[in-house]
file work-v8.txt (compact mmCIF, N, CA and C atoms)
# COMPACT_ATOMS: atom_id res chain seq x y z
N GLY A 1 -20.45 5.16 16.75
CA GLY A 1 -19.60 6.05 17.47
C GLY A 1 -19.10 7.21 16.60
N THR A 2 -19.25 7.10 15.29
CA THR A 2 -18.74 8.15 14.40
C THR A 2 -19.40 9.49 14.67
N ILE A 3 -20.66 9.46 15.01
CA ILE A 3 -21.40 10.70 15.19
C ILE A 3 -20.84 11.53 16.35
N PHE A 4 -20.24 10.88 17.34
CA PHE A 4 -19.76 11.60 18.51
C PHE A 4 -18.43 12.30 18.27
N TYR A 5 -17.56 11.71 17.47
CA TYR A 5 -16.28 12.36 17.22
C TYR A 5 -16.22 13.06 15.86
N PHE A 6 -17.35 13.16 15.17
CA PHE A 6 -17.38 13.85 13.89
C PHE A 6 -17.01 15.33 14.00
N PRO A 7 -17.51 16.08 15.00
CA PRO A 7 -17.08 17.48 15.14
C PRO A 7 -15.57 17.62 15.39
N ASP A 8 -14.99 16.68 16.13
CA ASP A 8 -13.55 16.72 16.37
C ASP A 8 -12.76 16.48 15.09
N ILE A 9 -13.26 15.59 14.25
CA ILE A 9 -12.60 15.35 12.95
C ILE A 9 -12.63 16.62 12.12
N LEU A 10 -13.77 17.30 12.12
CA LEU A 10 -13.89 18.53 11.34
C LEU A 10 -12.96 19.62 11.88
N LYS A 11 -12.82 19.70 13.20
CA LYS A 11 -11.90 20.69 13.78
C LYS A 11 -10.46 20.39 13.42
N GLU A 12 -10.09 19.11 13.41
CA GLU A 12 -8.72 18.73 13.04
C GLU A 12 -8.43 19.02 11.58
N LYS A 13 -9.45 19.00 10.75
CA LYS A 13 -9.27 19.30 9.33
C LYS A 13 -9.31 20.80 9.06
N ALA A 14 -9.40 21.61 10.13
CA ALA A 14 -9.40 23.07 10.04
C ALA A 14 -10.57 23.59 9.20
N CYS A 15 -11.74 23.01 9.42
CA CYS A 15 -12.95 23.49 8.76
C CYS A 15 -13.40 24.78 9.42
N PRO A 16 -14.18 25.57 8.72
CA PRO A 16 -14.72 26.79 9.34
C PRO A 16 -15.55 26.46 10.59
N SER A 17 -15.64 27.40 11.49
CA SER A 17 -16.33 27.15 12.76
C SER A 17 -17.80 26.84 12.56
N TRP A 18 -18.43 27.42 11.55
CA TRP A 18 -19.85 27.17 11.34
C TRP A 18 -20.11 25.73 10.92
N ILE A 19 -19.12 25.07 10.33
CA ILE A 19 -19.27 23.65 9.99
C ILE A 19 -18.99 22.79 11.23
N CYS A 20 -17.96 23.13 11.98
CA CYS A 20 -17.59 22.34 13.16
C CYS A 20 -18.62 22.43 14.27
N ASP A 21 -19.26 23.56 14.40
CA ASP A 21 -20.17 23.79 15.52
C ASP A 21 -21.59 23.28 15.31
N GLY A 22 -21.84 22.58 14.26
CA GLY A 22 -23.17 22.00 14.13
C GLY A 22 -23.62 21.68 12.73
N THR A 23 -23.15 22.42 11.75
CA THR A 23 -23.65 22.19 10.38
C THR A 23 -23.20 20.84 9.84
N GLY A 24 -21.96 20.46 10.09
CA GLY A 24 -21.48 19.15 9.65
C GLY A 24 -22.26 18.03 10.31
N HIS A 25 -22.53 18.20 11.59
CA HIS A 25 -23.31 17.21 12.34
C HIS A 25 -24.74 17.15 11.81
N LEU A 26 -25.30 18.30 11.48
CA LEU A 26 -26.65 18.36 10.93
C LEU A 26 -26.74 17.59 9.62
N PHE A 27 -25.79 17.79 8.73
CA PHE A 27 -25.81 17.09 7.45
C PHE A 27 -25.63 15.58 7.64
N PHE A 28 -24.80 15.19 8.60
CA PHE A 28 -24.61 13.77 8.92
C PHE A 28 -25.92 13.14 9.38
N VAL A 29 -26.62 13.81 10.29
CA VAL A 29 -27.89 13.29 10.83
C VAL A 29 -28.98 13.31 9.77
N LEU A 30 -29.04 14.38 8.97
CA LEU A 30 -30.06 14.45 7.91
C LEU A 30 -29.87 13.35 6.88
N GLY A 31 -28.61 13.03 6.57
CA GLY A 31 -28.35 11.94 5.64
C GLY A 31 -28.90 10.62 6.17
N ALA A 32 -28.68 10.36 7.46
CA ALA A 32 -29.21 9.13 8.06
C ALA A 32 -30.73 9.15 8.10
N ALA A 33 -31.32 10.29 8.43
CA ALA A 33 -32.78 10.37 8.54
C ALA A 33 -33.46 10.21 7.19
N PHE A 34 -32.93 10.86 6.17
CA PHE A 34 -33.58 10.81 4.86
C PHE A 34 -33.36 9.48 4.14
N MET A 35 -32.36 8.71 4.55
CA MET A 35 -32.09 7.45 3.87
C MET A 35 -32.74 6.26 4.57
N ALA A 36 -33.33 6.46 5.75
CA ALA A 36 -33.89 5.34 6.51
C ALA A 36 -35.02 4.64 5.74
N LEU A 37 -35.99 5.38 5.27
CA LEU A 37 -37.10 4.75 4.55
C LEU A 37 -36.70 4.18 3.19
N PRO A 38 -35.96 4.94 2.35
CA PRO A 38 -35.56 4.34 1.08
C PRO A 38 -34.69 3.09 1.25
N ALA A 39 -33.82 3.07 2.26
CA ALA A 39 -32.97 1.89 2.48
C ALA A 39 -33.82 0.70 2.88
N GLY A 40 -34.83 0.92 3.71
CA GLY A 40 -35.73 -0.17 4.09
C GLY A 40 -36.52 -0.69 2.91
N TRP A 41 -36.99 0.22 2.08
CA TRP A 41 -37.74 -0.20 0.89
C TRP A 41 -36.85 -0.98 -0.07
N ILE A 42 -35.63 -0.49 -0.28
CA ILE A 42 -34.70 -1.19 -1.18
C ILE A 42 -34.34 -2.56 -0.62
N ALA A 43 -34.16 -2.65 0.70
CA ALA A 43 -33.85 -3.94 1.33
C ALA A 43 -35.01 -4.91 1.18
N ASP A 44 -36.24 -4.43 1.28
CA ASP A 44 -37.40 -5.30 1.08
C ASP A 44 -37.53 -5.71 -0.38
N ARG A 45 -37.23 -4.80 -1.26
CA ARG A 45 -37.38 -5.06 -2.70
C ARG A 45 -36.34 -6.04 -3.22
N PHE A 46 -35.11 -5.87 -2.79
CA PHE A 46 -34.02 -6.72 -3.28
C PHE A 46 -33.62 -7.69 -2.17
N SER A 47 -32.53 -7.44 -1.53
CA SER A 47 -32.10 -8.33 -0.45
C SER A 47 -31.37 -7.51 0.60
N PRO A 48 -31.69 -7.75 1.87
CA PRO A 48 -31.02 -6.98 2.93
C PRO A 48 -29.50 -7.15 2.91
N ARG A 49 -29.05 -8.32 2.57
CA ARG A 49 -27.61 -8.58 2.55
C ARG A 49 -26.91 -7.74 1.48
N SER A 50 -27.50 -7.65 0.30
CA SER A 50 -26.86 -6.86 -0.76
C SER A 50 -26.91 -5.37 -0.44
N VAL A 51 -28.00 -4.91 0.19
CA VAL A 51 -28.09 -3.51 0.58
C VAL A 51 -27.03 -3.18 1.63
N LEU A 52 -26.83 -4.07 2.58
CA LEU A 52 -25.80 -3.86 3.60
C LEU A 52 -24.40 -3.86 3.00
N LYS A 53 -24.16 -4.75 2.06
CA LYS A 53 -22.84 -4.77 1.40
C LYS A 53 -22.57 -3.45 0.68
N ILE A 54 -23.54 -2.96 -0.05
CA ILE A 54 -23.37 -1.70 -0.78
C ILE A 54 -23.21 -0.54 0.19
N ALA A 55 -24.02 -0.53 1.27
CA ALA A 55 -23.94 0.55 2.24
C ALA A 55 -22.58 0.57 2.94
N VAL A 56 -22.05 -0.60 3.27
CA VAL A 56 -20.73 -0.65 3.93
C VAL A 56 -19.64 -0.17 2.97
N PHE A 57 -19.72 -0.56 1.70
CA PHE A 57 -18.73 -0.11 0.73
C PHE A 57 -18.79 1.40 0.55
N VAL A 58 -19.99 1.94 0.40
CA VAL A 58 -20.15 3.38 0.23
C VAL A 58 -19.69 4.12 1.48
N ALA A 59 -20.03 3.59 2.65
CA ALA A 59 -19.62 4.23 3.90
C ALA A 59 -18.11 4.25 4.04
N MET A 60 -17.45 3.14 3.73
CA MET A 60 -15.99 3.10 3.82
C MET A 60 -15.35 4.09 2.86
N PHE A 61 -15.83 4.13 1.63
CA PHE A 61 -15.26 5.03 0.65
C PHE A 61 -15.45 6.49 1.06
N ALA A 62 -16.68 6.83 1.44
CA ALA A 62 -16.97 8.23 1.80
C ALA A 62 -16.25 8.63 3.08
N TYR A 63 -16.22 7.74 4.07
CA TYR A 63 -15.59 8.07 5.34
C TYR A 63 -14.09 8.26 5.19
N PHE A 64 -13.43 7.38 4.44
CA PHE A 64 -11.99 7.53 4.26
C PHE A 64 -11.66 8.70 3.34
N THR A 65 -12.55 9.03 2.42
CA THR A 65 -12.36 10.24 1.63
C THR A 65 -12.45 11.47 2.52
N LEU A 66 -13.40 11.44 3.45
CA LEU A 66 -13.55 12.54 4.40
C LEU A 66 -12.32 12.65 5.31
N LEU A 67 -11.81 11.51 5.77
CA LEU A 67 -10.67 11.53 6.68
C LEU A 67 -9.36 11.91 5.99
N LEU A 68 -9.15 11.36 4.82
CA LEU A 68 -7.85 11.51 4.16
C LEU A 68 -7.81 12.63 3.12
N GLY A 69 -8.94 13.20 2.78
CA GLY A 69 -8.97 14.30 1.82
C GLY A 69 -8.33 15.55 2.40
N LYS A 70 -7.51 16.19 1.63
CA LYS A 70 -6.84 17.40 2.11
C LYS A 70 -7.56 18.64 1.61
N ASP A 71 -7.80 19.55 2.51
CA ASP A 71 -8.39 20.85 2.19
C ASP A 71 -9.67 20.72 1.36
N LEU A 72 -10.61 19.93 1.85
CA LEU A 72 -11.89 19.79 1.15
C LEU A 72 -12.72 21.05 1.35
N PRO A 73 -13.19 21.65 0.27
CA PRO A 73 -14.06 22.83 0.43
C PRO A 73 -15.41 22.42 1.00
N SER A 74 -16.14 23.38 1.52
CA SER A 74 -17.41 23.07 2.18
C SER A 74 -18.44 22.50 1.21
N TYR A 75 -18.39 22.86 -0.07
CA TYR A 75 -19.36 22.31 -1.01
C TYR A 75 -19.07 20.85 -1.35
N VAL A 76 -17.91 20.33 -0.96
CA VAL A 76 -17.61 18.91 -1.09
C VAL A 76 -17.78 18.21 0.25
N LEU A 77 -17.40 18.88 1.32
CA LEU A 77 -17.42 18.29 2.65
C LEU A 77 -18.84 18.01 3.14
N LEU A 78 -19.75 18.92 2.95
CA LEU A 78 -21.11 18.74 3.46
C LEU A 78 -21.88 17.64 2.74
N PRO A 79 -21.84 17.54 1.41
CA PRO A 79 -22.47 16.37 0.78
C PRO A 79 -21.80 15.05 1.16
N LEU A 80 -20.49 15.10 1.37
CA LEU A 80 -19.78 13.90 1.79
C LEU A 80 -20.23 13.47 3.19
N ALA A 81 -20.43 14.45 4.08
CA ALA A 81 -20.96 14.15 5.41
C ALA A 81 -22.37 13.56 5.32
N THR A 82 -23.16 14.04 4.38
CA THR A 82 -24.50 13.50 4.16
C THR A 82 -24.44 12.05 3.69
N VAL A 83 -23.53 11.74 2.79
CA VAL A 83 -23.37 10.38 2.29
C VAL A 83 -22.89 9.45 3.40
N VAL A 84 -21.95 9.91 4.22
CA VAL A 84 -21.47 9.10 5.34
C VAL A 84 -22.63 8.83 6.30
N GLY A 85 -23.40 9.84 6.62
CA GLY A 85 -24.54 9.65 7.51
C GLY A 85 -25.59 8.72 6.91
N ALA A 86 -25.83 8.86 5.62
CA ALA A 86 -26.83 8.02 4.97
C ALA A 86 -26.41 6.56 4.93
N SER A 87 -25.14 6.31 4.70
CA SER A 87 -24.71 4.93 4.59
C SER A 87 -24.44 4.28 5.95
N LEU A 88 -24.10 5.07 6.96
CA LEU A 88 -23.92 4.51 8.30
C LEU A 88 -25.21 4.49 9.10
N GLY A 89 -26.15 5.34 8.74
CA GLY A 89 -27.39 5.43 9.51
C GLY A 89 -28.31 4.31 9.19

call {"tool": "encode", "arguments": {"input": "work-v8.txt", "output": "structure tokens"}}
result
Amino acid sequence: GTIFYFPDILKEKACPSWICDGTGHLFFVLGAAFMALPAGWIADRFSPRSVLKIAVFVAMFAYFTLLLGKDLPSYVLLPLATVVGASLG
């Protein structure tokens, strides 16, 4: 459900309109898309349970940093959106 209210979160954080209107969402989706194959390979190589544990920890850290961070510049916000998408996707 995070993907649906992500633009609203960005608007509440007073991000520039170019980030709220699609760029933030694009980075979120690209993070999930680019991490799908490596995450599957890592899960096959090691253990799916450990990969899920690490992904949940990274997702929680990145998501709460995104939510609670004050006045994050775009060069921090967009990679953070990519990490959130990669770990939740």

call {"tool": "closest_residue", "arguments": {"input": "work-v8.txt", "among": "A:Asp71, A:Pro7, A:Thr2, A:Phe34", "to": "Cys20 in chain A", "atoms": "only C-alpha atoms"}}
result
A:Pro7

call {"tool": "closest_residue", "arguments": {"input": "work-v8.txt", "among": "A:Gly22, A:Gly31, A:Pro16, A:Gly1", "to": "Pro79 in chain A", "atoms": "only C-alpha atoms"}}
result
A:Gly31

call {"tool": "atom_distance", "arguments": {"input": "work-v8.txt", "atom1": "atom N of Phe27 in chain A", "atom2": "atom C of Phe46 in chain A"}}
result
28.8 Å

call {"tool": "residues_around", "arguments": {"input": "work-v8.txt", "residues": "Leu67 in chain A", "least_positions_apart": "6", "cutoff": "12 Å", "atoms": "only C-alpha atoms", "output": "ChimeraX atom specification"}}
result
/A:2,5-6,8-13,59-61,77,80-81,84

call {"tool": "closest_residue", "arguments": {"input": "work-v8.txt", "among": "A:Val83, A:Arg45, A:Ala32, A:Leu78", "to": "Phe57 in chain A", "atoms": "only C-alpha atoms"}}
result
A:Val83

call {"tool": "closest_residue", "arguments": {"input": "work-v8.txt", "among": "A:Ile3, A:Leu26, A:Cys15, A:Ala33", "to": "Ser74 in chain A", "atoms": "all atoms listed in the file"}}
result
A:Cys15

call {"tool": "atom_distance", "arguments": {"input": "work-v8.txt", "atom1": "CA of Gly40 in chain A", "atom2": "CA of Tyr75 in chain A"}}
result
28.3 Å

call {"tool": "residues_around", "arguments": {"input": "work-v8.txt", "residues": "Leu30 in chain A", "least_positions_apart": "6", "cutoff": "7 Å", "atoms": "only N, CA and C atoms", "output": "list in words"}}
result
Thr82, Gly85 and Ala86 of chain A

call {"tool": "write_last_selection", "arguments": {"input": "work-v8.txt", "atoms": "N, CA and C atoms", "output": "PDB file, keeping the file's coordinate frame"}}
result
ATOM      1  N   THR A  82     -23.160  14.040   4.380  1.00  0.00           N
ATOM      2  CA  THR A  82     -24.500  13.500   4.160  1.00  0.00           C
ATOM      3  C   THR A  82     -24.440  12.050   3.690  1.00  0.00           C
ATOM      4  N   GLY A  85     -23.400   9.840   6.620  1.00  0.00           N
ATOM      5  CA  GLY A  85     -24.540   9.650   7.510  1.00  0.00           C
ATOM      6  C   GLY A  85     -25.590   8.720   6.910  1.00  0.00           C
ATOM      7  N   ALA A  86     -25.830   8.860   5.620  1.00  0.00           N
ATOM      8  CA  ALA A  86     -26.830   8.020   4.970  1.00  0.00           C
ATOM      9  C   ALA A  86     -26.410   6.560   4.930  1.00  0.00           C
TER      10      ALA A  86
END

call {"tool": "atom_distance", "arguments": {"input": "work-v8.txt", "atom1": "atom N of Tyr63 in chain A", "atom2": "CA of Leu88 in chain A"}}
result
9.4 Å
